[in-house]
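Content type compact mmCIF, C-alpha atoms, from the file my_file.txt:
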```txt
# COMPACT_ATOMS: atom_id res chain seq x y z
CA MET A 1310 -14.31 16.35 19.17
CA ILE A 1311 -11.93 19.27 18.75
CA PRO A 1312 -8.21 18.43 18.40
CA ALA A 1313 -5.75 19.52 21.05
CA ALA A 1314 -3.95 22.77 20.25
CA PHE A 1315 -0.91 22.51 17.98
CA ASP A 1316 1.44 24.76 16.03
CA TYR A 1317 1.20 24.69 12.25
CA THR A 1318 3.64 25.24 9.40
CA ALA A 1319 3.37 24.80 5.64
CA PRO A 1320 6.86 24.58 4.11
CA SER A 1321 7.39 25.08 0.39
CA THR A 1322 10.33 22.67 -0.10
CA VAL A 1323 11.22 19.18 1.08
CA ASP A 1324 14.28 20.51 2.89
CA GLU A 1325 12.14 23.01 4.80
CA ALA A 1326 9.71 20.24 5.73
CA VAL A 1327 12.51 18.02 7.01
CA ARG A 1328 13.95 20.87 9.09
CA ALA A 1329 10.52 21.55 10.58
CA LEU A 1330 10.05 17.89 11.50
CA VAL A 1331 13.50 17.73 13.07
CA ALA A 1332 12.87 20.90 15.05
CA GLY A 1333 9.50 19.59 16.21
CA GLY A 1334 10.99 16.34 17.44
CA GLU A 1335 8.89 13.30 18.24
CA ASP A 1336 5.80 15.45 18.81
CA ALA A 1337 5.74 16.71 15.20
CA LYS A 1338 3.50 15.11 12.58
CA ALA A 1339 3.42 15.53 8.81
CA ILE A 1340 0.04 15.85 7.10
CA ALA A 1341 -0.65 15.26 3.42
CA GLY A 1342 -4.27 14.53 2.45
CA GLY A 1343 -5.20 14.29 6.11
CA GLN A 1344 -7.49 11.27 5.72
CA SER A 1345 -5.53 9.24 8.29
CA LEU A 1346 -4.25 11.95 10.65
CA LEU A 1347 -7.31 14.19 10.99
CA PRO A 1348 -9.63 11.52 12.43
CA VAL A 1349 -7.14 10.57 15.16
CA LEU A 1350 -6.52 14.25 15.92
CA ARG A 1351 -10.24 14.83 16.37
CA LEU A 1352 -10.50 11.79 18.65
CA ARG A 1353 -7.38 12.98 20.50
CA LEU A 1354 -5.73 9.63 19.90
CA ALA A 1355 -2.79 11.76 18.75
CA ALA A 1356 -1.84 15.15 20.09
CA PRO A 1357 1.15 16.52 18.16
CA THR A 1358 2.54 19.87 19.19
CA LEU A 1359 3.43 20.67 15.56
CA VAL A 1360 1.68 19.74 12.31
CA VAL A 1361 3.76 20.10 9.15
CA ASP A 1362 1.49 20.57 6.12
CA LEU A 1363 3.04 19.07 2.97
CA SER A 1364 0.42 20.33 0.52
CA ARG A 1365 2.71 22.98 -0.97
CA LEU A 1366 5.34 20.42 -2.02
CA THR A 1367 4.02 20.15 -5.55
CA GLU A 1368 7.18 18.38 -6.73
CA LEU A 1369 5.98 15.34 -4.77
CA ALA A 1370 2.81 14.92 -6.84
CA GLY A 1371 2.26 13.08 -10.09
CA VAL A 1372 3.22 9.91 -11.93
CA HIS A 1373 6.35 9.91 -14.08
CA ASP A 1374 7.61 7.35 -16.58
CA ASP A 1375 11.16 6.53 -15.53
CA GLY A 1376 12.27 3.92 -18.01
CA ASP A 1377 11.66 0.46 -16.60
CA SER A 1378 9.68 1.82 -13.65
CA LEU A 1379 7.12 4.43 -12.66
CA LEU A 1380 8.10 7.12 -10.18
CA ILE A 1381 5.03 8.18 -8.21
CA GLY A 1382 5.17 11.20 -5.93
CA ALA A 1383 4.05 10.59 -2.37
CA LEU A 1384 1.48 13.40 -2.62
CA THR A 1385 -0.24 11.87 -5.64
CA THR A 1386 -3.87 11.41 -4.69
CA HIS A 1387 -5.68 8.09 -4.98
CA HIS A 1388 -7.90 9.66 -7.65
CA GLU A 1389 -4.84 10.62 -9.70
CA VAL A 1390 -3.43 7.09 -9.38
CA GLN A 1391 -6.75 5.66 -10.59
CA ARG A 1392 -6.85 7.86 -13.68
CA ASP A 1393 -3.20 7.84 -14.70
CA PRO A 1394 -2.59 6.04 -18.02
CA HIS A 1395 0.92 4.93 -17.01
CA VAL A 1396 -0.43 3.21 -13.91
CA ARG A 1397 -3.23 1.62 -15.92
CA GLU A 1398 -0.77 0.18 -18.46
CA HIS A 1399 2.23 -0.73 -16.31
CA ALA A 1400 0.96 -1.16 -12.71
CA ALA A 1401 -2.63 -2.34 -13.05
CA LEU A 1402 -2.57 -3.99 -9.62
CA LEU A 1403 -2.03 -0.64 -7.93
CA ARG A 1404 -4.95 0.91 -9.80
CA LEU A 1405 -7.27 -1.98 -8.98
CA ALA A 1406 -6.44 -1.77 -5.28
CA THR A 1407 -6.85 2.01 -5.28
CA ASP A 1408 -10.33 1.57 -6.73
CA THR A 1409 -11.35 -0.11 -3.44
CA VAL A 1410 -10.10 2.64 -1.12
CA ALA A 1411 -12.98 4.26 0.78
CA ASP A 1412 -15.17 6.58 -1.32
CA PRO A 1413 -14.64 9.21 -4.06
CA GLN A 1414 -14.36 12.09 -1.59
CA ILE A 1415 -11.55 10.41 0.31
CA ARG A 1416 -9.84 9.28 -2.90
CA HIS A 1417 -9.74 12.91 -4.05
CA ARG A 1418 -7.97 13.98 -0.83
CA GLY A 1419 -6.01 10.97 0.39
CA THR A 1420 -2.51 10.34 -0.98
CA LEU A 1421 -0.51 7.25 -1.84
CA GLY A 1422 2.39 8.32 0.36
CA GLY A 1423 0.14 9.14 3.28
CA ALA A 1424 -1.50 5.71 3.17
CA LEU A 1425 1.85 3.92 3.04
CA ALA A 1426 3.44 6.01 5.80
CA HIS A 1427 0.38 5.43 8.02
CA ALA A 1428 0.99 1.67 7.61
CA ASP A 1429 -2.41 0.44 8.73
CA PRO A 1430 -2.25 -3.36 8.24
CA ALA A 1431 -5.85 -3.25 6.95
CA GLY A 1432 -4.99 -0.52 4.44
CA ASP A 1433 -5.50 -1.55 0.84
CA LEU A 1434 -2.33 -0.14 -0.76
CA LEU A 1435 0.38 -1.78 1.33
CA ALA A 1436 0.05 -5.31 -0.07
CA PRO A 1437 -0.05 -4.18 -3.74
CA VAL A 1438 3.08 -2.08 -3.24
CA LEU A 1439 4.74 -5.10 -1.64
CA ALA A 1440 3.63 -7.44 -4.42
CA LEU A 1441 4.93 -5.01 -7.05
CA ASP A 1442 8.41 -4.96 -5.41
CA ALA A 1443 8.20 -1.20 -5.12
CA VAL A 1444 11.00 0.86 -3.61
CA LEU A 1445 10.18 3.79 -1.33
CA ARG A 1446 12.34 6.91 -1.44
CA CYS A 1447 12.80 8.67 1.90
CA THR A 1448 14.43 12.04 2.55
CA GLY A 1449 15.59 13.20 5.96
CA PRO A 1450 18.34 15.08 7.77
CA ALA A 1451 20.90 12.47 6.67
CA GLY A 1452 19.94 12.75 3.00
CA THR A 1453 17.93 10.52 0.66
CA ARG A 1454 17.75 6.74 0.73
CA GLU A 1455 15.65 4.05 -0.92
CA VAL A 1456 13.94 1.30 1.06
CA PRO A 1457 12.42 -1.83 -0.54
CA ALA A 1458 8.76 -2.28 0.31
CA ALA A 1459 9.65 -5.59 1.99
CA GLU A 1460 11.72 -3.63 4.54
CA PHE A 1461 9.55 -0.51 4.83
CA PHE A 1462 6.63 -1.91 6.86
CA THR A 1463 7.98 -3.07 10.21
CA ASP A 1464 4.99 -3.45 12.58
CA TYR A 1465 1.46 -2.20 13.27
CA PHE A 1466 1.31 1.41 12.06
CA THR A 1467 5.13 1.44 12.02
CA THR A 1468 7.57 1.92 9.16
CA ALA A 1469 11.29 2.23 8.55
CA LEU A 1470 11.01 6.03 8.38
CA GLU A 1471 13.57 7.61 10.71
CA PRO A 1472 12.85 10.71 12.84
CA GLY A 1473 12.61 13.73 10.56
CA GLU A 1474 12.27 11.64 7.40
CA LEU A 1475 9.59 12.02 4.75
CA LEU A 1476 8.42 9.48 2.22
CA THR A 1477 8.80 11.41 -1.05
CA HIS A 1478 8.37 8.93 -3.91
CA VAL A 1479 7.37 5.36 -4.67
CA ARG A 1480 9.25 3.61 -7.48
CA VAL A 1481 7.14 0.84 -9.04
CA PRO A 1482 8.75 -1.57 -11.55
CA LYS A 1483 6.68 -1.89 -14.70
CA LEU A 1484 4.71 -5.13 -15.04
CA THR A 1485 3.42 -4.42 -18.53
CA GLY A 1486 1.13 -7.11 -19.86
CA TRP A 1487 0.71 -8.89 -16.54
CA GLY A 1488 -2.73 -9.89 -15.33
CA ALA A 1489 -3.76 -8.39 -12.01
CA ARG A 1490 -6.50 -8.55 -9.41
CA TYR A 1491 -7.14 -7.13 -5.94
CA GLU A 1492 -9.71 -9.27 -4.15
CA LYS A 1493 -11.07 -7.66 -0.99
CA PHE A 1494 -13.47 -8.91 1.67
CA SER A 1495 -15.10 -6.45 4.05
CA ARG A 1496 -18.30 -6.35 6.08
CA VAL A 1497 -19.76 -3.35 4.26
CA ALA A 1498 -18.88 -1.34 1.19
CA GLN A 1499 -16.01 1.16 1.53
CA ALA A 1500 -14.81 -0.43 4.79
CA TRP A 1501 -11.35 -1.60 5.79
CA SER A 1502 -10.35 -5.05 4.55
CA ILE A 1503 -10.95 -7.99 6.84
CA VAL A 1504 -8.63 -9.79 4.44
CA ALA A 1505 -7.58 -8.91 0.90
CA VAL A 1506 -5.27 -10.40 -1.71
CA ALA A 1507 -3.14 -8.60 -4.29
CA ALA A 1508 -2.16 -10.82 -7.21
CA ALA A 1509 -0.22 -10.21 -10.41
CA VAL A 1510 0.77 -12.95 -12.85
CA LYS A 1511 2.63 -13.24 -16.11
CA VAL A 1512 1.29 -16.04 -18.29
CA VAL A 1513 3.15 -17.25 -21.39
CA ASP A 1514 1.64 -19.95 -23.62
CA GLY A 1515 -0.72 -21.05 -20.89
CA VAL A 1516 2.00 -21.38 -18.23
CA VAL A 1517 2.52 -19.09 -15.24
CA GLU A 1518 5.98 -17.67 -15.83
CA GLN A 1519 5.97 -15.33 -12.79
CA ALA A 1520 3.58 -14.67 -9.94
CA ARG A 1521 3.36 -12.02 -7.24
CA VAL A 1522 0.89 -12.43 -4.37
CA ALA A 1523 0.61 -10.40 -1.17
CA LEU A 1524 -1.95 -10.40 1.63
CA THR A 1525 -3.68 -7.54 3.45
CA ASN A 1526 -4.52 -7.79 7.17
CA MET A 1527 -3.00 -11.22 7.74
CA GLY A 1528 -0.46 -9.90 10.24
CA PRO A 1529 0.99 -6.66 11.60
CA THR A 1530 2.39 -5.87 8.15
CA PRO A 1531 1.46 -6.92 4.61
CA VAL A 1532 2.67 -10.45 3.87
CA ARG A 1533 4.11 -11.83 0.66
CA ALA A 1534 2.58 -15.25 -0.05
CA ARG A 1535 5.82 -16.87 -1.17
CA GLY A 1536 4.38 -20.37 -0.98
CA VAL A 1537 1.67 -19.47 -3.46
CA GLU A 1538 4.16 -17.83 -5.80
CA GLU A 1539 6.45 -20.87 -5.72
CA ALA A 1540 3.57 -23.26 -6.32
CA LEU A 1541 2.30 -21.27 -9.31
CA THR A 1542 5.58 -20.55 -11.09
CA GLY A 1543 6.19 -22.90 -13.99
CA GLU A 1544 2.78 -24.55 -13.68
CA PRO A 1545 -0.04 -24.51 -16.24
CA ALA A 1546 -2.54 -21.75 -15.54
CA THR A 1547 -5.34 -24.18 -14.76
CA ALA A 1548 -8.02 -24.11 -12.09
CA GLU A 1549 -6.48 -27.17 -10.43
CA ALA A 1550 -3.00 -25.64 -10.22
CA ILE A 1551 -4.38 -22.36 -8.89
CA ARG A 1552 -6.47 -24.13 -6.24
CA ALA A 1553 -3.47 -26.15 -5.08
CA ALA A 1554 -1.30 -23.05 -4.87
CA ALA A 1555 -3.95 -21.06 -3.02
CA ALA A 1556 -4.04 -23.70 -0.29
CA ARG A 1557 -0.63 -22.36 0.78
CA ALA A 1558 -1.81 -18.75 1.11
CA ALA A 1559 -1.75 -18.62 4.92
CA GLU A 1560 1.80 -19.93 5.29
CA GLY A 1561 3.91 -17.56 7.37
CA THR A 1562 0.98 -15.35 8.37
CA ASP A 1563 -0.10 -14.17 11.81
CA PRO A 1564 -3.78 -13.17 11.59
CA VAL A 1565 -5.43 -11.55 14.58
CA THR A 1566 -8.77 -12.25 16.21
CA ASP A 1567 -10.90 -9.13 16.60
CA GLY A 1568 -14.49 -7.94 16.35
CA ASN A 1569 -14.56 -8.52 12.58
CA ALA A 1570 -13.20 -12.05 12.37
CA ASP A 1571 -11.18 -14.61 14.26
CA ALA A 1572 -7.80 -15.90 13.10
CA GLU A 1573 -9.22 -19.17 11.77
CA TYR A 1574 -11.76 -17.36 9.60
CA ARG A 1575 -9.09 -15.00 8.27
CA THR A 1576 -6.95 -18.01 7.34
CA HIS A 1577 -9.90 -19.47 5.42
CA LEU A 1578 -10.52 -16.14 3.70
CA ALA A 1579 -6.88 -15.85 2.65
CA ARG A 1580 -7.08 -19.16 0.79
CA VAL A 1581 -10.45 -18.46 -0.81
CA LEU A 1582 -9.55 -14.91 -1.88
CA THR A 1583 -6.16 -15.99 -3.20
CA GLU A 1584 -7.81 -18.54 -5.45
CA ARG A 1585 -10.25 -15.90 -6.70
CA ALA A 1586 -7.58 -13.24 -7.19
CA VAL A 1587 -5.16 -15.48 -9.05
CA THR A 1588 -7.92 -16.93 -11.23
CA ALA A 1589 -9.03 -13.43 -12.21
CA ALA A 1590 -5.44 -12.29 -12.79
CA VAL A 1591 -4.76 -15.27 -15.04
CA SER A 1592 -7.91 -14.50 -17.00
CA ASP A 1593 -6.81 -10.87 -17.29
CA ALA A 1594 -3.39 -11.94 -18.53
```
Write-out of the structure in structure tokens:
Amino acid sequence: MIPAAFDYTAPSTVDEAVRALVAGGEDAKAIAGGQSLLPVLRLRLAAPTLVVDLSRLTELAGVHDDGDSLLIGALTTHHEVQRDPHVREHAALLRLATDTVADPQIRHRGTLGGALAHADPAGDLLAPVLALDAVLRCTGPAGTREVPAAEFFTDYFTTALEPGELLTHVRVPKLTGWGARYEKFSRVAQAWSIVAVAAAVKVVDGVVEQARVALTNMGPTPVRARGVEEALTGEPATAEAIRAAAARAAEGTDPVTDGNADAEYRTHLARVLTERAVTAAVSDA
């Protein structure tokens, strides 16, 4: 289908983009790589009166070493995240999850910031960002603020972004030397996750010193598997300990029943995939 008519602007600075979004009101939409917005425009599931193209905001692209964290511009493409040596060394979980996003064509166009702002609960980058305790930098008419990932995703396709605000950067604490794994289950290759698990662990002398586990598509937002983390921390990195911890994966979740799977099956998947993800992360560590 052909999208409904809309006005178009391509600002060259973040301030110009914010002003355009404010002027456009609730019917204005920002577009980065376009891999989330363009399909719904073509289906007329969204009909903005103004589209604000962010592609000229080159200062929002790239990965930068910022001491104890990485500062990743919101317009950094998935392909750039995959290939960046800083991400590979200090945020392996993010790279592994990005490897599973769609296909090469989409990874060359889609952006990290666009995926996070879209906030699809089946999207593969939300849970890793949550597990990594990332902080999202947002700029709007009231200035710039930083929002922890745990507070950024608020509901289905809904974030803490205020009217006129843009997600500009993602700050990811370095987890150098941690083992990581993103375990994804989908019906066909390159599809959305039915359930997925993001796991990162720090193992010292055969004992799990720290663990981070988050779940994809087990509720309206990504879910931190706190029960699993608590059960793993301080325990020997054995198959028995991992299996016992993984049994707690579905605690605090709210999986849906849809055409792909019912809630009971998703609960089962969460436990199975958590065991696999943590086992692989421990081996990687």
For this session: Could you tell me how far CA of Asp1393 in chain A lies from CA of Gly1452 in chain A, in Å and to one decimal?
Result: 29.5 Å
Which polymer residues, whether protein, DNA or RNA, lie within 10 Å of the coordinate (2.6, -0.9, 9.4) when you count only C-alpha atoms? List them as a short mmCIF file (atom, residue, chain, number, x, y, z; two decimals) with C-alpha atoms, in the frame of the given file, using the chain letters and numbers from the file.
```cif
data_model
loop_
_atom_site.label_atom_id
_atom_site.label_comp_id
_atom_site.auth_asym_id
_atom_site.auth_seq_id
_atom_site.Cartn_x
_atom_site.Cartn_y
_atom_site.Cartn_z
CA ALA A 1424 -1.50 5.71 3.17
CA LEU A 1425 1.85 3.92 3.04
CA ALA A 1426 3.44 6.01 5.80
CA HIS A 1427 0.38 5.43 8.02
CA ALA A 1428 0.99 1.67 7.61
CA ASP A 1429 -2.41 0.44 8.73
CA PRO A 1430 -2.25 -3.36 8.24
CA ALA A 1431 -5.85 -3.25 6.95
CA GLY A 1432 -4.99 -0.52 4.44
CA LEU A 1435 0.38 -1.78 1.33
CA PHE A 1461 9.55 -0.51 4.83
CA PHE A 1462 6.63 -1.91 6.86
CA THR A 1463 7.98 -3.07 10.21
CA ASP A 1464 4.99 -3.45 12.58
CA TYR A 1465 1.46 -2.20 13.27
CA PHE A 1466 1.31 1.41 12.06
CA THR A 1467 5.13 1.44 12.02
CA THR A 1468 7.57 1.92 9.16
CA ALA A 1469 11.29 2.23 8.55
CA GLY A 1528 -0.46 -9.90 10.24
CA PRO A 1529 0.99 -6.66 11.60
CA THR A 1530 2.39 -5.87 8.15
CA PRO A 1531 1.46 -6.92 4.61
#
```
For this session: Counting only C-alpha atoms, write as a PyMOL selection string all protein and nucleic acid residues lying at most 12 Å from (-0.2, -19.4, -12.2) in the file's frame.
Result: chain A and resi 1487-1489+1508-1522+1537-1555+1583-1594
Exercise. Which residues, written as a PyMOL selection string, have at least one atom at most 12 Å from Pro1564 in chain A, with only C-alpha atoms counted and residues fewer than 2 positions away on the same chain left out?
Worked result: chain A and resi 1430-1431+1503-1504+1524-1532+1559-1562+1566-1567+1569-1579
For this session: Determine, counting all atoms listed in the file, which protein, DNA and RNA residues have an atom within 9 Å of an atom of Ala1458 in chain A; residues of the same chain fewer than 4 positions away are not included. Present the result as a PyMOL selection string.
Result: chain A and resi 1435+1438-1445+1462
Exercise. Hey, which of A:Leu1330, A:Ala1401, A:Ala1370, A:Ala1558 ends up closest to Leu1421 in chain A? Count all atoms listed in the file.
Worked result: A:Ala1370
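Restricting the calculation to only C-alpha atoms, the smallest distance between Glu1335 in chain A and any of A:Glu1474, A:Lys1483, A:Pro1312, A:Gly1422 is found for A:Glu1474.
What separates CA of Val1506 in chain A from CA of His1387 in chain A is a distance of 18.8 Å.
With all atoms listed in the file as the atoms that count, the minimum distance from Gly1334 in chain A to the choices A:Gly1376, A:Val1481, A:Cys1447, A:Glu1471 is reached by A:Glu1471.
Minimum atom-to-atom distances from A:Ala1459, A:Leu1380, A:Leu1475, A:Val1390 to Ala1341 in chain A were compared using all atoms listed in the file, and the lowest value belongs to A:Leu1475.
Reported to one decimal place, the separation of CA of Arg1392 in chain A from CA of Thr1367 in chain A is 18.3 Å.
Distances to Arg1533 in chain A were evaluated for A:Pro1437, A:Gly1568, A:Pro1457, A:Pro1413 using all atoms listed in the file, and the minimum falls at A:Pro1437.
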Exercise. Which neighbours of range 1355-1365 of chain A fall inside 6 Å, counting all atoms listed in the file, when residues of the same chain fewer than 2 positions from it are skipped, and could you give them as a list in words?
Worked result: Ala1313, Phe1315, Asp1316, Tyr1317, Thr1318, Ala1319, Ser1321, Asp1336, Ala1337, Lys1338, Ala1339, Ile1340, Ala1341, Val1349, Leu1350, Arg1353 and Thr1367 of chain A
Exercise. Skipping near chain neighbours, those fewer than 2 positions away, what residues fall within 9 Å of Arg1416 in chain A using all atoms listed in the file, listed as a list of chain:residue names?
Worked result: A:Thr1386, A:His1387, A:His1388, A:Glu1389, A:Thr1407, A:Asp1408, A:Val1410, A:Ala1411, A:Asp1412, A:Pro1413, A:Gln1414, A:Arg1418, A:Gly1419, A:Thr1420
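The shortest atom-to-atom distance to Leu1484 in chain A, with all atoms listed in the file taken into account, belongs to A:Ala1400 out of A:Met1310, A:Ala1507, A:Leu1369, A:Ala1400.
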Kindly output range 1349-1371 of chain A as a tab-separated table (two decimals), in the frame of the given file, after building N, CA and C atoms.
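Result written to selection_20.tsv:
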```
chain	number	residue	atom	x	y	z
A	1349	VAL	N	-7.73	10.86	13.85
A	1349	VAL	CA	-7.14	10.57	15.16
A	1349	VAL	C	-6.86	11.86	15.93
A	1350	LEU	N	-6.64	12.97	15.23
A	1350	LEU	CA	-6.52	14.25	15.92
A	1350	LEU	C	-7.85	14.63	16.57
A	1351	ARG	N	-8.92	14.45	15.83
A	1351	ARG	CA	-10.24	14.83	16.37
A	1351	ARG	C	-10.64	13.95	17.55
A	1352	LEU	N	-10.21	12.69	17.53
A	1352	LEU	CA	-10.50	11.79	18.65
A	1352	LEU	C	-9.48	11.94	19.78
A	1353	ARG	N	-8.48	12.77	19.55
A	1353	ARG	CA	-7.38	12.98	20.50
A	1353	ARG	C	-6.62	11.69	20.81
A	1354	LEU	N	-6.59	10.80	19.80
A	1354	LEU	CA	-5.73	9.63	19.90
A	1354	LEU	C	-4.29	10.01	19.58
A	1355	ALA	N	-4.11	11.17	18.98
A	1355	ALA	CA	-2.79	11.76	18.75
A	1355	ALA	C	-2.89	13.23	19.10
A	1356	ALA	N	-1.85	13.74	19.69
A	1356	ALA	CA	-1.84	15.15	20.09
A	1356	ALA	C	-0.48	15.77	19.79
A	1357	PRO	N	-0.13	15.91	18.51
A	1357	PRO	CA	1.15	16.52	18.16
A	1357	PRO	C	1.20	17.99	18.56
A	1358	THR	N	2.38	18.45	18.88
A	1358	THR	CA	2.54	19.87	19.19
A	1358	THR	C	2.80	20.69	17.93
A	1359	LEU	N	3.17	20.00	16.83
A	1359	LEU	CA	3.43	20.67	15.56
A	1359	LEU	C	2.90	19.80	14.43
A	1360	VAL	N	2.13	20.41	13.52
A	1360	VAL	CA	1.68	19.74	12.31
A	1360	VAL	C	2.35	20.41	11.11
A	1361	VAL	N	3.04	19.60	10.31
A	1361	VAL	CA	3.76	20.10	9.15
A	1361	VAL	C	2.95	19.74	7.90
A	1362	ASP	N	2.36	20.75	7.28
A	1362	ASP	CA	1.49	20.57	6.12
A	1362	ASP	C	2.35	20.46	4.86
A	1363	LEU	N	2.21	19.32	4.15
A	1363	LEU	CA	3.04	19.07	2.97
A	1363	LEU	C	2.37	19.49	1.67
A	1364	SER	N	1.22	20.10	1.73
A	1364	SER	CA	0.42	20.33	0.52
A	1364	SER	C	1.08	21.26	-0.49
A	1365	ARG	N	2.04	22.07	-0.04
A	1365	ARG	CA	2.71	22.98	-0.97
A	1365	ARG	C	3.88	22.32	-1.71
A	1366	LEU	N	4.19	21.09	-1.39
A	1366	LEU	CA	5.34	20.42	-2.02
A	1366	LEU	C	4.89	19.78	-3.33
A	1367	THR	N	4.61	20.62	-4.30
A	1367	THR	CA	4.02	20.15	-5.55
A	1367	THR	C	4.95	19.22	-6.32
A	1368	GLU	N	6.25	19.28	-6.03
A	1368	GLU	CA	7.18	18.38	-6.73
A	1368	GLU	C	6.99	16.93	-6.31
A	1369	LEU	N	6.23	16.70	-5.25
A	1369	LEU	CA	5.98	15.34	-4.77
A	1369	LEU	C	4.66	14.78	-5.27
A	1370	ALA	N	4.07	15.40	-6.29
A	1370	ALA	CA	2.81	14.92	-6.84
A	1370	ALA	C	3.01	14.50	-8.29
A	1371	GLY	N	2.26	13.50	-8.70
A	1371	GLY	CA	2.26	13.08	-10.09
A	1371	GLY	C	2.95	11.75	-10.33
```
